[in-house]
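Chemist: Below you'll find model30.cif; it's mmCIF, C-alpha atoms and all ligand atoms.
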```cif
data_query
#
loop_
_atom_site.label_atom_id
_atom_site.label_comp_id
_atom_site.auth_asym_id
_atom_site.auth_seq_id
_atom_site.Cartn_x
_atom_site.Cartn_y
_atom_site.Cartn_z
CA MET A 212 -24.18 -4.24 -5.51
CA LYS A 213 -23.12 -7.82 -4.84
CA LEU A 214 -20.64 -9.91 -6.82
CA PHE A 215 -20.95 -13.67 -6.44
CA GLY A 216 -17.97 -15.91 -7.07
CA SER A 217 -14.79 -17.54 -5.88
CA PHE A 218 -11.42 -16.00 -5.12
CA THR A 219 -9.68 -18.39 -7.52
CA SER A 220 -11.69 -17.60 -10.66
CA PRO A 221 -9.90 -15.38 -13.19
CA PHE A 222 -13.25 -14.07 -14.47
CA VAL A 223 -14.25 -13.08 -10.94
CA ARG A 224 -10.81 -11.55 -10.44
CA HIS A 225 -11.31 -9.21 -13.39
CA CYS A 226 -14.67 -8.10 -11.98
CA ARG A 227 -13.08 -7.50 -8.58
CA ILE A 228 -10.37 -5.39 -10.22
CA ALA A 229 -12.99 -3.24 -11.98
CA LEU A 230 -15.06 -2.93 -8.79
CA MET A 231 -12.04 -2.01 -6.65
CA GLN A 232 -11.09 0.66 -9.18
CA SER A 233 -14.65 1.98 -9.43
CA GLY A 234 -15.21 3.67 -6.08
CA LEU A 235 -18.72 2.14 -6.13
CA ASP A 236 -20.36 0.52 -3.15
CA TRP A 237 -20.09 -3.27 -3.55
CA GLU A 238 -19.48 -6.48 -1.69
CA MET A 239 -18.36 -9.95 -2.60
CA ALA A 240 -20.39 -13.03 -1.71
CA GLU A 241 -18.18 -16.09 -1.87
CA LEU A 242 -19.90 -18.93 -3.69
CA ASP A 243 -18.67 -22.39 -4.64
CA ILE A 244 -20.72 -22.99 -7.77
CA HIS A 245 -19.81 -26.69 -7.83
CA THR A 246 -21.38 -27.41 -4.45
CA SER A 247 -24.04 -24.71 -4.18
CA LYS A 248 -27.59 -26.07 -3.82
CA ASP A 249 -29.00 -22.74 -5.01
CA PRO A 250 -26.74 -21.48 -7.82
CA ARG A 251 -29.00 -18.44 -8.59
CA THR A 252 -27.58 -18.16 -12.11
CA PRO A 253 -28.70 -19.94 -15.30
CA THR A 254 -25.09 -20.41 -16.44
CA LEU A 255 -24.15 -22.46 -13.35
CA ARG A 256 -20.94 -20.45 -13.50
CA VAL A 257 -19.40 -17.58 -11.60
CA PRO A 258 -19.24 -14.64 -11.59
CA PHE A 259 -22.68 -13.12 -11.49
CA LEU A 260 -23.73 -9.77 -10.12
CA GLU A 261 -26.84 -8.35 -8.54
CA ASP A 262 -27.50 -4.62 -8.39
CA GLY A 263 -31.06 -4.01 -7.21
CA ALA A 264 -33.32 -5.58 -9.83
CA LEU A 265 -30.46 -5.94 -12.32
CA ARG A 266 -28.81 -9.34 -12.59
CA LEU A 267 -25.76 -9.89 -14.82
CA THR A 268 -24.55 -13.39 -15.61
CA ASP A 269 -21.16 -12.96 -17.30
CA SER A 270 -17.90 -11.23 -16.43
CA THR A 271 -17.96 -9.23 -19.66
CA SER A 272 -21.32 -7.60 -18.98
CA ILE A 273 -20.26 -7.08 -15.35
CA VAL A 274 -16.95 -5.37 -16.19
CA LYS A 275 -18.63 -3.19 -18.85
CA TYR A 276 -21.42 -2.25 -16.42
CA VAL A 277 -19.01 -1.38 -13.62
CA ARG A 278 -16.70 0.63 -15.87
CA GLU A 279 -19.54 2.64 -17.38
CA LYS A 280 -21.38 3.14 -14.09
CA SER A 281 -18.20 4.61 -12.61
CA GLY A 282 -17.52 6.87 -15.61
CA GLN A 283 -14.66 4.76 -16.97
CA ALA A 284 -14.32 3.32 -20.45
CA PHE A 285 -14.69 -0.33 -21.37
CA ILE A 286 -12.78 -1.57 -24.43
CA SER A 287 -13.41 0.63 -27.49
CA ASP A 288 -10.61 -0.46 -29.84
CA ILE A 289 -11.55 -3.45 -32.01
CA ARG A 290 -8.08 -5.05 -31.79
CA ASP A 291 -8.16 -4.79 -28.01
CA LEU A 292 -11.62 -6.35 -28.02
CA ASP A 293 -10.38 -9.22 -30.16
CA ARG A 294 -7.47 -9.83 -27.80
CA TYR A 295 -9.89 -9.79 -24.87
CA CYS A 296 -12.01 -12.41 -26.71
CA LEU A 297 -8.92 -14.53 -27.39
CA ALA A 298 -8.09 -14.51 -23.68
CA ASN A 299 -11.68 -15.60 -22.94
CA THR A 300 -11.41 -18.48 -25.42
CA LEU A 301 -8.09 -19.50 -23.90
CA LEU A 302 -9.62 -19.51 -20.43
CA ASP A 303 -12.77 -21.31 -21.51
CA SER A 304 -10.72 -24.17 -23.00
CA ALA A 305 -8.17 -24.29 -20.19
CA ILE A 306 -10.86 -24.29 -17.48
CA ASN A 307 -12.88 -26.98 -19.26
CA LEU A 308 -9.75 -29.14 -19.48
CA PHE A 309 -9.05 -28.51 -15.79
CA LEU A 310 -12.57 -29.54 -14.78
CA LEU A 311 -12.65 -32.55 -17.12
CA GLU A 312 -9.34 -33.78 -15.76
CA ARG A 313 -10.77 -33.53 -12.26
CA THR A 314 -13.54 -35.94 -13.32
CA GLY A 315 -10.86 -38.49 -14.20
CA LEU A 316 -10.86 -38.06 -17.98
CA ASP A 317 -7.54 -38.69 -19.73
CA LEU A 318 -7.16 -35.51 -21.77
CA ASN A 319 -4.75 -37.12 -24.21
CA GLU A 320 -7.15 -39.92 -25.11
CA ASN A 321 -9.99 -37.80 -26.41
CA VAL A 322 -10.00 -36.10 -29.80
CA TYR A 323 -11.89 -33.04 -28.58
CA THR A 324 -9.80 -32.46 -25.45
CA ARG A 325 -6.67 -32.73 -27.61
CA ARG A 326 -8.18 -30.02 -29.80
CA GLN A 327 -8.78 -27.89 -26.72
CA GLN A 328 -5.13 -28.36 -25.70
CA LYS A 329 -4.05 -27.28 -29.18
CA ARG A 330 -6.30 -24.23 -28.94
CA VAL A 331 -4.72 -23.20 -25.63
CA ALA A 332 -1.19 -23.48 -27.07
CA SER A 333 -2.07 -21.62 -30.24
CA ILE A 334 -3.79 -18.73 -28.44
CA LEU A 335 -0.87 -18.35 -26.03
CA GLY A 336 1.40 -17.87 -29.06
CA GLU A 337 -0.93 -15.25 -30.53
CA LEU A 338 -1.29 -13.33 -27.26
CA ASN A 339 2.47 -13.38 -26.77
CA ALA A 340 2.87 -11.53 -30.09
CA ALA A 341 0.80 -8.53 -28.92
CA PRO A 342 2.46 -5.25 -27.87
CA LEU A 343 3.00 -4.78 -24.13
CA PRO A 344 1.31 -2.06 -22.07
CA VAL A 345 3.28 0.11 -19.69
CA ALA A 346 2.60 -0.02 -15.96
CA GLY A 347 -0.45 2.03 -14.97
CA GLU A 348 -1.93 1.92 -18.47
CA PHE A 349 -3.75 -1.39 -18.45
CA ASN A 350 -7.06 -1.50 -20.27
CA ASP A 351 -9.55 -4.36 -19.91
CA ALA A 352 -7.89 -6.37 -22.69
CA HIS A 353 -4.58 -6.26 -20.81
CA TYR A 354 -6.30 -7.16 -17.56
CA ARG A 355 -8.14 -10.08 -19.19
CA VAL A 356 -4.95 -11.51 -20.66
CA ALA A 357 -3.08 -10.96 -17.39
CA VAL A 358 -5.71 -12.63 -15.16
CA GLY A 359 -5.92 -15.51 -17.65
CA VAL A 360 -2.19 -16.11 -17.84
CA ALA A 361 -1.85 -15.74 -14.06
CA TRP A 362 -4.62 -18.33 -13.55
CA GLY A 363 -2.82 -20.75 -15.87
CA GLN A 364 0.30 -20.40 -13.73
CA PHE A 365 -1.65 -20.65 -10.45
CA ARG A 366 -3.31 -23.92 -11.51
CA ASN A 367 -0.31 -25.21 -13.51
CA ARG A 368 -2.48 -25.50 -16.59
CA PHE A 369 -0.01 -24.18 -19.14
CA SER A 370 3.53 -22.94 -19.34
CA ILE A 371 4.61 -19.52 -20.56
CA ASP A 372 8.24 -20.59 -20.91
CA GLY A 373 9.47 -19.08 -24.15
CA HIS A 374 6.60 -16.55 -24.21
CA GLU A 375 8.63 -13.59 -23.05
CA ASN A 376 5.97 -10.97 -23.65
CA LEU A 377 3.49 -12.85 -21.48
CA GLN A 378 6.10 -13.21 -18.75
CA ARG A 379 6.79 -9.49 -18.98
CA LEU A 380 3.05 -8.73 -18.92
CA LEU A 381 2.79 -10.49 -15.54
CA GLU A 382 5.81 -8.52 -14.31
CA VAL A 383 4.19 -5.24 -15.35
CA ALA A 384 0.87 -6.33 -13.80
CA SER A 385 2.67 -7.11 -10.53
CA GLU A 386 3.38 -3.37 -10.21
CA ASP A 387 -0.39 -2.78 -10.03
CA PRO A 388 -1.51 -2.92 -6.35
CA ILE A 389 -5.08 -3.95 -7.23
CA PHE A 390 -3.90 -6.74 -9.53
CA VAL A 391 -1.70 -7.97 -6.67
CA ALA A 392 -4.49 -7.62 -4.07
CA THR A 393 -6.84 -9.79 -6.16
CA ALA A 394 -4.39 -12.67 -6.67
CA PRO A 395 -5.80 -16.12 -5.89
CA PRO A 396 -5.08 -17.28 -2.33
CA ALA A 397 -1.90 -19.34 -1.99
N1 LIG B 1 -18.10 -16.56 -19.83
C1 LIG B 1 -18.11 -16.66 -18.39
C2 LIG B 1 -17.18 -17.78 -17.95
C3 LIG B 1 -17.26 -18.01 -16.43
C4 LIG B 1 -16.60 -19.33 -16.01
O1 LIG B 1 -16.20 -20.16 -16.82
N2 LIG B 1 -16.50 -19.49 -14.70
C5 LIG B 1 -15.93 -20.71 -14.13
C6 LIG B 1 -15.06 -20.36 -12.95
S1 LIG B 1 -13.57 -19.64 -13.43
C7 LIG B 1 -17.08 -21.58 -13.58
O2 LIG B 1 -17.91 -21.09 -12.87
N3 LIG B 1 -17.09 -22.87 -13.94
C8 LIG B 1 -18.02 -23.79 -13.40
C9 LIG B 1 -18.45 -24.84 -14.38
O3 LIG B 1 -18.09 -24.71 -15.58
O4 LIG B 1 -19.15 -25.75 -13.97
C10 LIG B 1 -17.68 -15.30 -17.81
O5 LIG B 1 -16.93 -14.57 -18.48
O6 LIG B 1 -18.15 -14.95 -16.71
#
```
Using the file provided, produce a representation of the structure as structure tokens.
Modeler:
Amino acid sequence: MKLFGSFTSPFVRHCRIALMQSGLDWEMAELDIHTSKDPRTPTLRVPFLEDGALRLTDSTSIVKYVREKSGQAFISDIRDLDRYCLANTLLDSAINLFLLERTGLDLNENVYTRRQQKRVASILGELNAAPLPVAGEFNDAHYRVAVGVAWGQFRNRFSIDGHENLQRLLEVASEDPIFVATAPPA
């Protein structure tokens, strides 16, 4: 199967983690969705995955597919699923702000971008309040939060100063060789 995406995307990173842990046969096709003349996905976003006739257009369906195809579990606990969703909402807002800023928009001048900034700050506080996993026992909610927070640090999109649990989560994740191997390029 083929995963399409960039090495900087946190959503792609989570898929790569699941694929590397799966033992399945897969390859990555690097794709810059912003410049591609043939995006091959209706979302105009990465990641997407092709496995024979099957095409998946979102990291959640991809991670679930890979986990289940390799006999592993995707998220079953409802609180974990909610935390996973919170991390997605955080990333969605933070990435939109990042891309809007690149177009030259002043994020502080627009009522909706200010709301997005508020959403990012408020979700970080909520995620920081969650219990920490121990090394080697990450589920997909932990991975989603960790790739999201790591992306925020990589792109300087938000600070986790004062969020000690999130700092600790990244420390625990840094003991995971696959998490480390999938880090965005310096
Ligand atoms: N819900 C999607 C979000 C994917 C997403 O936002 N990808 C970003 C890269 S990190 C993207 O391709 N953005 C391009 C754009 O918005 O134009 C998923 O989980 O796969």
Chemist: Could I get the residue neighbourhood of ligand LIG 1 (chain B) at 9 Å, counting only C-alpha atoms and all ligand atoms, as a PyMOL selection string?
Modeler: chain A and resi 216-217+219-223+243-245+254-259+268-273+299-300+302-303+306-307+310
Chemist: With only C-alpha atoms as the basis for distance, which of A:Tyr323, A:Phe218, A:Tyr276, A:Phe390 is at the shortest distance from Met231 in chain A?
Modeler: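 For Met231 in chain A, the nearest of the candidates is A:Phe390.
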Chemist: How far is it from CA of Ile389 in chain A to CA of Ile228 in chain A, in Å with one decimal?
Modeler: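 CA of Ile228 in chain A lies at a distance of 6.2 Å from CA of Ile389 in chain A.
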Chemist: I'd like to know which of A:Arg294, A:Lys280, A:Lys248, A:His374 is closest to Tyr354 in chain A, using all atoms listed in the file.
Modeler: A:Arg294
Chemist: Any idea what the distance is between CA of Ser233 in chain A and CA of Ser281 in chain A?
Modeler: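 About the pair CA of Ser233 in chain A and CA of Ser281 in chain A: they are 5.4 Å apart.
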Chemist: Ranking A:Leu301, A:Ala341, A:Leu235, A:Leu230 by minimum distance to Lys275 in chain A and counting all atoms listed in the file, which one comes first?
Modeler: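 Residue with the minimum atom-to-atom distance to Lys275 in chain A: A:Leu230.
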Chemist: In terms of the shortest atom-to-atom distance over only C-alpha atoms, which of A:Val360, A:Ala397, A:Leu308, A:Leu316 is closest to Gln328 in chain A?
Modeler: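 Answer, going by the shortest atom-to-atom distance: A:Leu308.
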Chemist: Counting only C-alpha atoms, which residue out of A:Gln327, A:Asp291, A:Asp236, A:Ala361 sits closest to Pro344 in chain A?
Modeler: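 Answer, going by the shortest atom-to-atom distance: A:Asp291.
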Chemist: Restricting the calculation to all atoms listed in the file: of A:Leu297, A:Phe285, A:Val345, A:Thr314, which residue gets closest to Arg330 in chain A?
Modeler: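 Residue with the minimum atom-to-atom distance to Arg330 in chain A: A:Leu297.
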Chemist: Would you compute the distance between CA of Leu292 in chain A and CA of Gln378 in chain A? Give it in Å to one decimal.
Modeler: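 We find that CA of Leu292 in chain A and CA of Gln378 in chain A lie 21.1 Å from each other.
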Chemist: Since the input has fewer atoms than a full residue there, write range 277-302 of chain A out with N, CA and C atoms, as a PDB file, in the coordinates of the input.
Modeler:
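Just written: out-v4.pdb:
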```pdb
ATOM      1  N   VAL A 277     -19.729  -2.056 -14.702  1.00  0.00           N
ATOM      2  CA  VAL A 277     -19.010  -1.380 -13.620  1.00  0.00           C
ATOM      3  C   VAL A 277     -18.186  -0.215 -14.167  1.00  0.00           C
ATOM      4  N   ARG A 278     -17.494  -0.455 -15.279  1.00  0.00           N
ATOM      5  CA  ARG A 278     -16.700   0.630 -15.870  1.00  0.00           C
ATOM      6  C   ARG A 278     -17.599   1.818 -16.210  1.00  0.00           C
ATOM      7  N   GLU A 279     -18.696   1.544 -16.896  1.00  0.00           N
ATOM      8  CA  GLU A 279     -19.540   2.640 -17.380  1.00  0.00           C
ATOM      9  C   GLU A 279     -20.274   3.326 -16.227  1.00  0.00           C
ATOM     10  N   LYS A 280     -20.689   2.554 -15.246  1.00  0.00           N
ATOM     11  CA  LYS A 280     -21.380   3.140 -14.090  1.00  0.00           C
ATOM     12  C   LYS A 280     -20.439   4.064 -13.307  1.00  0.00           C
ATOM     13  N   SER A 281     -19.146   3.779 -13.373  1.00  0.00           N
ATOM     14  CA  SER A 281     -18.200   4.610 -12.610  1.00  0.00           C
ATOM     15  C   SER A 281     -17.504   5.637 -13.516  1.00  0.00           C
ATOM     16  N   GLY A 282     -18.045   5.824 -14.724  1.00  0.00           N
ATOM     17  CA  GLY A 282     -17.520   6.870 -15.610  1.00  0.00           C
ATOM     18  C   GLY A 282     -16.213   6.499 -16.290  1.00  0.00           C
ATOM     19  N   GLN A 283     -15.877   5.208 -16.284  1.00  0.00           N
ATOM     20  CA  GLN A 283     -14.660   4.760 -16.970  1.00  0.00           C
ATOM     21  C   GLN A 283     -15.046   4.111 -18.291  1.00  0.00           C
ATOM     22  N   ALA A 284     -14.036   3.919 -19.142  1.00  0.00           N
ATOM     23  CA  ALA A 284     -14.320   3.320 -20.450  1.00  0.00           C
ATOM     24  C   ALA A 284     -14.109   1.818 -20.406  1.00  0.00           C
ATOM     25  N   PHE A 285     -14.984   1.079 -21.083  1.00  0.00           N
ATOM     26  CA  PHE A 285     -14.690  -0.330 -21.370  1.00  0.00           C
ATOM     27  C   PHE A 285     -13.920  -0.319 -22.691  1.00  0.00           C
ATOM     28  N   ILE A 286     -13.606  -1.480 -23.221  1.00  0.00           N
ATOM     29  CA  ILE A 286     -12.780  -1.570 -24.430  1.00  0.00           C
ATOM     30  C   ILE A 286     -13.491  -0.910 -25.636  1.00  0.00           C
ATOM     31  N   SER A 287     -12.801   0.018 -26.303  1.00  0.00           N
ATOM     32  CA  SER A 287     -13.410   0.630 -27.490  1.00  0.00           C
ATOM     33  C   SER A 287     -12.674   0.237 -28.768  1.00  0.00           C
ATOM     34  N   ASP A 288     -11.398  -0.109 -28.655  1.00  0.00           N
ATOM     35  CA  ASP A 288     -10.610  -0.460 -29.840  1.00  0.00           C
ATOM     36  C   ASP A 288     -10.904  -1.913 -30.254  1.00  0.00           C
ATOM     37  N   ILE A 289     -11.136  -2.123 -31.543  1.00  0.00           N
ATOM     38  CA  ILE A 289     -11.550  -3.450 -32.010  1.00  0.00           C
ATOM     39  C   ILE A 289     -10.434  -4.496 -31.835  1.00  0.00           C
ATOM     40  N   ARG A 290      -9.184  -4.077 -31.973  1.00  0.00           N
ATOM     41  CA  ARG A 290      -8.080  -5.050 -31.790  1.00  0.00           C
ATOM     42  C   ARG A 290      -7.965  -5.456 -30.313  1.00  0.00           C
ATOM     43  N   ASP A 291      -8.162  -4.472 -29.444  1.00  0.00           N
ATOM     44  CA  ASP A 291      -8.160  -4.790 -28.010  1.00  0.00           C
ATOM     45  C   ASP A 291      -9.308  -5.757 -27.685  1.00  0.00           C
ATOM     46  N   LEU A 292     -10.469  -5.480 -28.283  1.00  0.00           N
ATOM     47  CA  LEU A 292     -11.620  -6.350 -28.020  1.00  0.00           C
ATOM     48  C   LEU A 292     -11.334  -7.771 -28.495  1.00  0.00           C
ATOM     49  N   ASP A 293     -10.675  -7.883 -29.638  1.00  0.00           N
ATOM     50  CA  ASP A 293     -10.380  -9.220 -30.160  1.00  0.00           C
ATOM     51  C   ASP A 293      -9.399  -9.957 -29.238  1.00  0.00           C
ATOM     52  N   ARG A 294      -8.431  -9.216 -28.712  1.00  0.00           N
ATOM     53  CA  ARG A 294      -7.470  -9.830 -27.800  1.00  0.00           C
ATOM     54  C   ARG A 294      -8.167 -10.274 -26.495  1.00  0.00           C
ATOM     55  N   TYR A 295      -9.075  -9.452 -26.045  1.00  0.00           N
ATOM     56  CA  TYR A 295      -9.890  -9.790 -24.870  1.00  0.00           C
ATOM     57  C   TYR A 295     -10.668 -11.104 -25.143  1.00  0.00           C
ATOM     58  N   CYS A 296     -11.249 -11.192 -26.352  1.00  0.00           N
ATOM     59  CA  CYS A 296     -12.010 -12.410 -26.710  1.00  0.00           C
ATOM     60  C   CYS A 296     -11.081 -13.624 -26.786  1.00  0.00           C
ATOM     61  N   LEU A 297      -9.881 -13.424 -27.328  1.00  0.00           N
ATOM     62  CA  LEU A 297      -8.920 -14.530 -27.390  1.00  0.00           C
ATOM     63  C   LEU A 297      -8.593 -15.040 -25.984  1.00  0.00           C
ATOM     64  N   ALA A 298      -8.391 -14.104 -25.068  1.00  0.00           N
ATOM     65  CA  ALA A 298      -8.090 -14.510 -23.680  1.00  0.00           C
ATOM     66  C   ALA A 298      -9.278 -15.277 -23.088  1.00  0.00           C
ATOM     67  N   ASN A 299     -10.509 -14.869 -23.425  1.00  0.00           N
ATOM     68  CA  ASN A 299     -11.680 -15.600 -22.940  1.00  0.00           C
ATOM     69  C   ASN A 299     -11.715 -17.021 -23.503  1.00  0.00           C
ATOM     70  N   THR A 300     -11.394 -17.147 -24.800  1.00  0.00           N
ATOM     71  CA  THR A 300     -11.410 -18.480 -25.420  1.00  0.00           C
ATOM     72  C   THR A 300     -10.334 -19.364 -24.804  1.00  0.00           C
ATOM     73  N   LEU A 301      -9.171 -18.768 -24.576  1.00  0.00           N
ATOM     74  CA  LEU A 301      -8.090 -19.500 -23.900  1.00  0.00           C
ATOM     75  C   LEU A 301      -8.578 -20.030 -22.546  1.00  0.00           C
ATOM     76  N   LEU A 302      -9.175 -19.132 -21.774  1.00  0.00           N
ATOM     77  CA  LEU A 302      -9.620 -19.510 -20.430  1.00  0.00           C
ATOM     78  C   LEU A 302     -10.736 -20.543 -20.479  1.00  0.00           C
TER      79      LEU A 302
END
```
